[in-house]
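Before any comments, here is the structure.
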Amino acid sequence: MVAVSACLLGLNCRYEGDHRRSVDTQEILNRLQCKNVVPFCPEVNILGAPREPIDLFRFHDRIEAVGRESKRVYTKKIELEAERFKKSFDSVNLFIFKSKSPSCALCSAKVYTPEGAVMEKRASGIFAKKMKIWYKDAKFMEI
Ligand code: SF4
């Protein structure tokens, strides 16, 4: 089974109501001849689309996902989406994540200081971080 950030498959689940359909993702799926593809989008499940964008901020020892306009903290909700995914799909061989996303990035998300300065550009998104911990035998990539 291959799990893929839904926006890479052409679903309009991004915050602006758009997608990021990816030819590279489709090529990988074609090459793998994979019939069992599971799309996921933690943010659209929580907030729908369109929605306010989310940014990652470091507060002391914790990284939080914060709504850009509302300043609401969505970290726990994204983590609950990760748990829901894990309960539904216990066997995933490959994850293909959307890069730079505060939820889905494997190693390319920006993290800001509470004052709004960029302090890191290679963080994992909240959802991806959980997947890396839980799916020890899976492979991971981002596009
Ligand atoms: S990057 Fe992840 S959270 Fe953002 S739209 Fe794509 S699937 Fe949804």
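Ordering of the structure tokens sets the chain letters (A, B, ...); residue numbers start at 1 within each chain; ligands are numbered from 1 in the order shown.
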message: I'd like the neighbourhood of A:Ala49 as a PyMOL selection string, where a residue qualifies if any of its atoms comes within 8 Å (using only C-alpha atoms), though same-chain residues fewer than 6 positions away should be ignored.
response: chain A and resi 12-17
- prompt: Could you write out, as a ChimeraX atom specification, all the residues of chain A that DSSP marks as helix (DSSP H, G or I)?
  reply: /A:6-9,23-32,42-47,75-88,126-134
Those residues with N, CA and C atoms, as a compact mmCIF listing (two decimals), in the first residue's frame please?
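Result file result_31.txt:
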```
# COMPACT_ATOMS: atom_id res chain seq x y z
N ALA A 6 -2.96 13.89 -0.50
CA ALA A 6 -4.04 13.91 -1.49
C ALA A 6 -3.87 15.03 -2.53
N CYS A 7 -3.29 16.15 -2.12
CA CYS A 7 -3.13 17.26 -3.07
C CYS A 7 -2.20 16.87 -4.23
N LEU A 8 -1.27 15.94 -4.00
CA LEU A 8 -0.36 15.50 -5.06
C LEU A 8 -1.08 14.65 -6.10
N LEU A 9 -2.24 14.12 -5.70
CA LEU A 9 -3.03 13.28 -6.61
C LEU A 9 -4.10 14.09 -7.34
N VAL A 23 3.18 15.16 -11.54
CA VAL A 23 3.54 14.17 -12.56
C VAL A 23 4.53 13.16 -11.98
N ASP A 24 5.46 13.65 -11.16
CA ASP A 24 6.45 12.75 -10.56
C ASP A 24 5.78 11.69 -9.69
N THR A 25 4.78 12.12 -8.92
CA THR A 25 4.06 11.16 -8.07
C THR A 25 3.39 10.10 -8.93
N GLN A 26 2.74 10.54 -10.00
CA GLN A 26 2.04 9.60 -10.87
C GLN A 26 3.03 8.63 -11.51
N GLU A 27 4.20 9.15 -11.90
CA GLU A 27 5.21 8.28 -12.51
C GLU A 27 5.68 7.21 -11.53
N ILE A 28 5.87 7.62 -10.28
CA ILE A 28 6.30 6.64 -9.26
C ILE A 28 5.23 5.57 -9.08
N LEU A 29 3.98 6.01 -8.99
CA LEU A 29 2.89 5.03 -8.81
C LEU A 29 2.77 4.11 -10.02
N ASN A 30 2.97 4.67 -11.21
CA ASN A 30 2.93 3.84 -12.43
C ASN A 30 4.06 2.81 -12.42
N ARG A 31 5.26 3.30 -12.05
CA ARG A 31 6.41 2.40 -12.04
C ARG A 31 6.23 1.27 -11.04
N LEU A 32 5.63 1.61 -9.90
CA LEU A 32 5.40 0.58 -8.87
C LEU A 32 4.23 -0.32 -9.23
N PRO A 42 -4.76 15.50 6.26
CA PRO A 42 -5.21 15.79 7.63
C PRO A 42 -5.89 17.15 7.75
N GLU A 43 -5.41 18.14 7.02
CA GLU A 43 -5.94 19.49 7.22
C GLU A 43 -7.36 19.64 6.67
N VAL A 44 -7.64 19.02 5.52
CA VAL A 44 -8.99 19.20 4.98
C VAL A 44 -10.01 18.48 5.87
N ASN A 45 -9.59 17.41 6.51
CA ASN A 45 -10.50 16.72 7.43
C ASN A 45 -10.85 17.59 8.64
N ILE A 46 -9.93 18.45 9.01
CA ILE A 46 -10.14 19.29 10.19
C ILE A 46 -10.87 20.59 9.82
N LEU A 47 -10.41 21.22 8.74
CA LEU A 47 -10.86 22.59 8.46
C LEU A 47 -11.56 22.77 7.12
N THR A 75 -2.31 21.67 16.48
CA THR A 75 -1.40 20.52 16.60
C THR A 75 -2.11 19.25 17.03
N LYS A 76 -2.90 19.34 18.08
CA LYS A 76 -3.56 18.14 18.63
C LYS A 76 -4.53 17.55 17.61
N LYS A 77 -5.23 18.42 16.89
CA LYS A 77 -6.18 17.91 15.90
C LYS A 77 -5.46 17.17 14.77
N ILE A 78 -4.32 17.70 14.35
CA ILE A 78 -3.54 17.02 13.29
C ILE A 78 -3.01 15.68 13.83
N GLU A 79 -2.57 15.69 15.08
CA GLU A 79 -2.09 14.42 15.68
C GLU A 79 -3.22 13.40 15.78
N LEU A 80 -4.42 13.87 16.08
CA LEU A 80 -5.57 12.94 16.13
C LEU A 80 -5.89 12.38 14.75
N GLU A 81 -5.71 13.21 13.72
CA GLU A 81 -5.88 12.72 12.34
C GLU A 81 -4.84 11.64 12.03
N ALA A 82 -3.64 11.84 12.54
CA ALA A 82 -2.58 10.84 12.34
C ALA A 82 -2.98 9.52 13.02
N GLU A 83 -3.52 9.63 14.23
CA GLU A 83 -3.95 8.42 14.95
C GLU A 83 -5.07 7.71 14.20
N ARG A 84 -5.99 8.51 13.68
CA ARG A 84 -7.12 7.94 12.93
C ARG A 84 -6.60 7.18 11.70
N PHE A 85 -5.62 7.78 11.01
CA PHE A 85 -5.03 7.13 9.84
C PHE A 85 -4.38 5.81 10.25
N LYS A 86 -3.62 5.86 11.34
CA LYS A 86 -2.90 4.66 11.79
C LYS A 86 -3.88 3.52 12.13
N LYS A 87 -4.99 3.89 12.74
CA LYS A 87 -5.98 2.85 13.09
C LYS A 87 -6.62 2.25 11.84
N SER A 88 -6.73 3.04 10.79
CA SER A 88 -7.39 2.57 9.57
C SER A 88 -6.45 1.76 8.67
N ILE A 126 3.60 17.96 11.23
CA ILE A 126 3.05 17.29 12.42
C ILE A 126 2.56 15.88 12.10
N PHE A 127 1.87 15.71 10.99
CA PHE A 127 1.34 14.40 10.59
C PHE A 127 2.49 13.48 10.18
N ALA A 128 3.39 13.98 9.36
CA ALA A 128 4.50 13.16 8.86
C ALA A 128 5.39 12.67 10.01
N LYS A 129 5.57 13.53 11.00
CA LYS A 129 6.42 13.15 12.14
C LYS A 129 5.86 11.89 12.82
N LYS A 130 4.55 11.85 13.00
CA LYS A 130 3.93 10.67 13.62
C LYS A 130 4.08 9.43 12.74
N MET A 131 3.92 9.61 11.43
CA MET A 131 4.03 8.46 10.52
C MET A 131 5.44 7.85 10.59
N LYS A 132 6.43 8.74 10.67
CA LYS A 132 7.82 8.24 10.73
C LYS A 132 8.05 7.43 12.00
N ILE A 133 7.40 7.82 13.08
CA ILE A 133 7.56 7.09 14.35
C ILE A 133 6.83 5.75 14.30
N TRP A 134 5.64 5.76 13.74
CA TRP A 134 4.77 4.58 13.84
C TRP A 134 5.04 3.53 12.76
```
Within 8 Å of stretch 111-118 of chain A using only C-alpha atoms, minus same-chain residues under 5 positions, as a VMD selection string: chain A and resid 55 to 59 63 123
Length of the atom CA of A:Val37 to atom CA of A:Val4 vector [Å]: 7.1 Å
- request: Using DSSP on the backbone coordinates, identify all residues within chain A classified as strand (DSSP E or B); present the result as an NGL selection string.
  value: :A and (2-5 or 37-40 or 54-59 or 62-67 or 73 or 94-97 or 109-112 or 118-123 or 139-142)
How about saving the chosen residues, N, CA and C atoms kept, as a compact mmCIF listing (two decimals), in the first residue's frame?
```txt
# COMPACT_ATOMS: atom_id res chain seq x y z
N VAL A 2 0.47 2.22 -0.82
CA VAL A 2 1.19 3.50 -0.87
C VAL A 2 0.25 4.60 -0.38
N ALA A 3 0.68 5.38 0.58
CA ALA A 3 -0.12 6.50 1.10
C ALA A 3 0.45 7.80 0.53
N VAL A 4 -0.42 8.65 0.01
CA VAL A 4 0.03 9.84 -0.71
C VAL A 4 -0.74 11.07 -0.24
N SER A 5 -0.03 12.16 -0.01
CA SER A 5 -0.71 13.44 0.26
C SER A 5 -1.70 13.70 -0.87
N VAL A 37 -3.60 2.60 -3.50
CA VAL A 37 -3.12 3.93 -3.16
C VAL A 37 -4.11 4.58 -2.20
N VAL A 38 -3.61 5.07 -1.09
CA VAL A 38 -4.48 5.72 -0.10
C VAL A 38 -4.15 7.20 -0.04
N PRO A 39 -5.06 8.07 -0.47
CA PRO A 39 -4.82 9.50 -0.31
C PRO A 39 -5.16 9.93 1.13
N PHE A 40 -4.43 10.90 1.63
CA PHE A 40 -4.76 11.44 2.95
C PHE A 40 -4.56 12.94 2.95
N ILE A 54 -1.80 27.32 7.73
CA ILE A 54 -1.23 26.95 9.03
C ILE A 54 0.30 27.10 8.95
N ASP A 55 0.89 27.61 10.00
CA ASP A 55 2.35 27.71 10.10
C ASP A 55 2.83 26.99 11.34
N LEU A 56 4.09 26.58 11.31
CA LEU A 56 4.69 25.93 12.48
C LEU A 56 5.51 26.93 13.28
N PHE A 57 5.31 26.93 14.58
CA PHE A 57 6.07 27.80 15.49
C PHE A 57 6.72 26.95 16.57
N ARG A 58 7.94 27.32 16.96
CA ARG A 58 8.54 26.62 18.09
C ARG A 58 8.32 27.44 19.35
N PHE A 59 7.68 26.80 20.33
CA PHE A 59 7.51 27.40 21.65
C PHE A 59 8.28 26.52 22.63
N ARG A 62 8.59 22.63 22.11
CA ARG A 62 7.49 22.03 21.33
C ARG A 62 7.21 22.84 20.07
N ILE A 63 6.93 22.11 18.97
CA ILE A 63 6.53 22.77 17.73
C ILE A 63 5.01 22.68 17.62
N GLU A 64 4.39 23.82 17.38
CA GLU A 64 2.93 23.88 17.29
C GLU A 64 2.50 24.36 15.91
N ALA A 65 1.37 23.81 15.45
CA ALA A 65 0.76 24.24 14.19
C ALA A 65 -0.30 25.29 14.53
N VAL A 66 -0.13 26.49 13.98
CA VAL A 66 -0.97 27.63 14.38
C VAL A 66 -1.63 28.24 13.15
N GLY A 67 -2.91 28.50 13.24
CA GLY A 67 -3.64 29.15 12.15
C GLY A 67 -3.14 30.58 11.95
N VAL A 73 -4.42 26.93 17.77
CA VAL A 73 -3.41 25.87 17.71
C VAL A 73 -4.10 24.57 17.24
N LEU A 94 4.96 2.61 1.54
CA LEU A 94 5.61 3.84 1.09
C LEU A 94 4.68 5.03 1.36
N PHE A 95 5.26 6.09 1.90
CA PHE A 95 4.54 7.36 2.02
C PHE A 95 5.15 8.35 1.03
N ILE A 96 4.29 9.03 0.28
CA ILE A 96 4.74 10.14 -0.57
C ILE A 96 4.09 11.40 -0.02
N PHE A 97 4.91 12.26 0.55
CA PHE A 97 4.42 13.45 1.23
C PHE A 97 4.60 14.69 0.37
N ALA A 109 9.74 21.57 6.07
CA ALA A 109 8.81 22.58 6.59
C ALA A 109 9.57 23.69 7.31
N LYS A 110 9.07 24.91 7.15
CA LYS A 110 9.64 26.03 7.90
C LYS A 110 9.06 26.06 9.30
N VAL A 111 9.92 26.43 10.24
CA VAL A 111 9.46 26.66 11.62
C VAL A 111 9.84 28.08 12.01
N TYR A 112 8.91 28.78 12.60
CA TYR A 112 9.11 30.18 12.97
C TYR A 112 9.30 30.31 14.48
N VAL A 118 12.10 33.07 10.68
CA VAL A 118 12.34 31.67 10.29
C VAL A 118 13.53 31.14 11.09
N MET A 119 13.33 30.03 11.83
CA MET A 119 14.44 29.48 12.60
C MET A 119 14.89 28.13 12.06
N GLU A 120 14.10 27.53 11.17
CA GLU A 120 14.43 26.21 10.65
C GLU A 120 13.69 26.03 9.33
N LYS A 121 14.33 25.32 8.38
CA LYS A 121 13.67 25.08 7.10
C LYS A 121 13.61 23.61 6.74
N ARG A 122 13.99 22.76 7.66
CA ARG A 122 14.06 21.33 7.36
C ARG A 122 13.28 20.49 8.36
N ALA A 123 12.19 21.04 8.84
CA ALA A 123 11.40 20.31 9.85
C ALA A 123 10.42 19.36 9.18
N LYS A 139 8.89 3.12 3.73
CA LYS A 139 9.81 4.08 3.12
C LYS A 139 9.07 5.42 3.01
N PHE A 140 9.85 6.50 3.01
CA PHE A 140 9.26 7.84 3.01
C PHE A 140 9.94 8.70 1.96
N MET A 141 9.15 9.50 1.27
CA MET A 141 9.73 10.49 0.37
C MET A 141 8.82 11.69 0.33
N GLU A 142 9.36 12.82 -0.13
CA GLU A 142 8.52 14.01 -0.31
C GLU A 142 8.75 14.59 -1.69
```
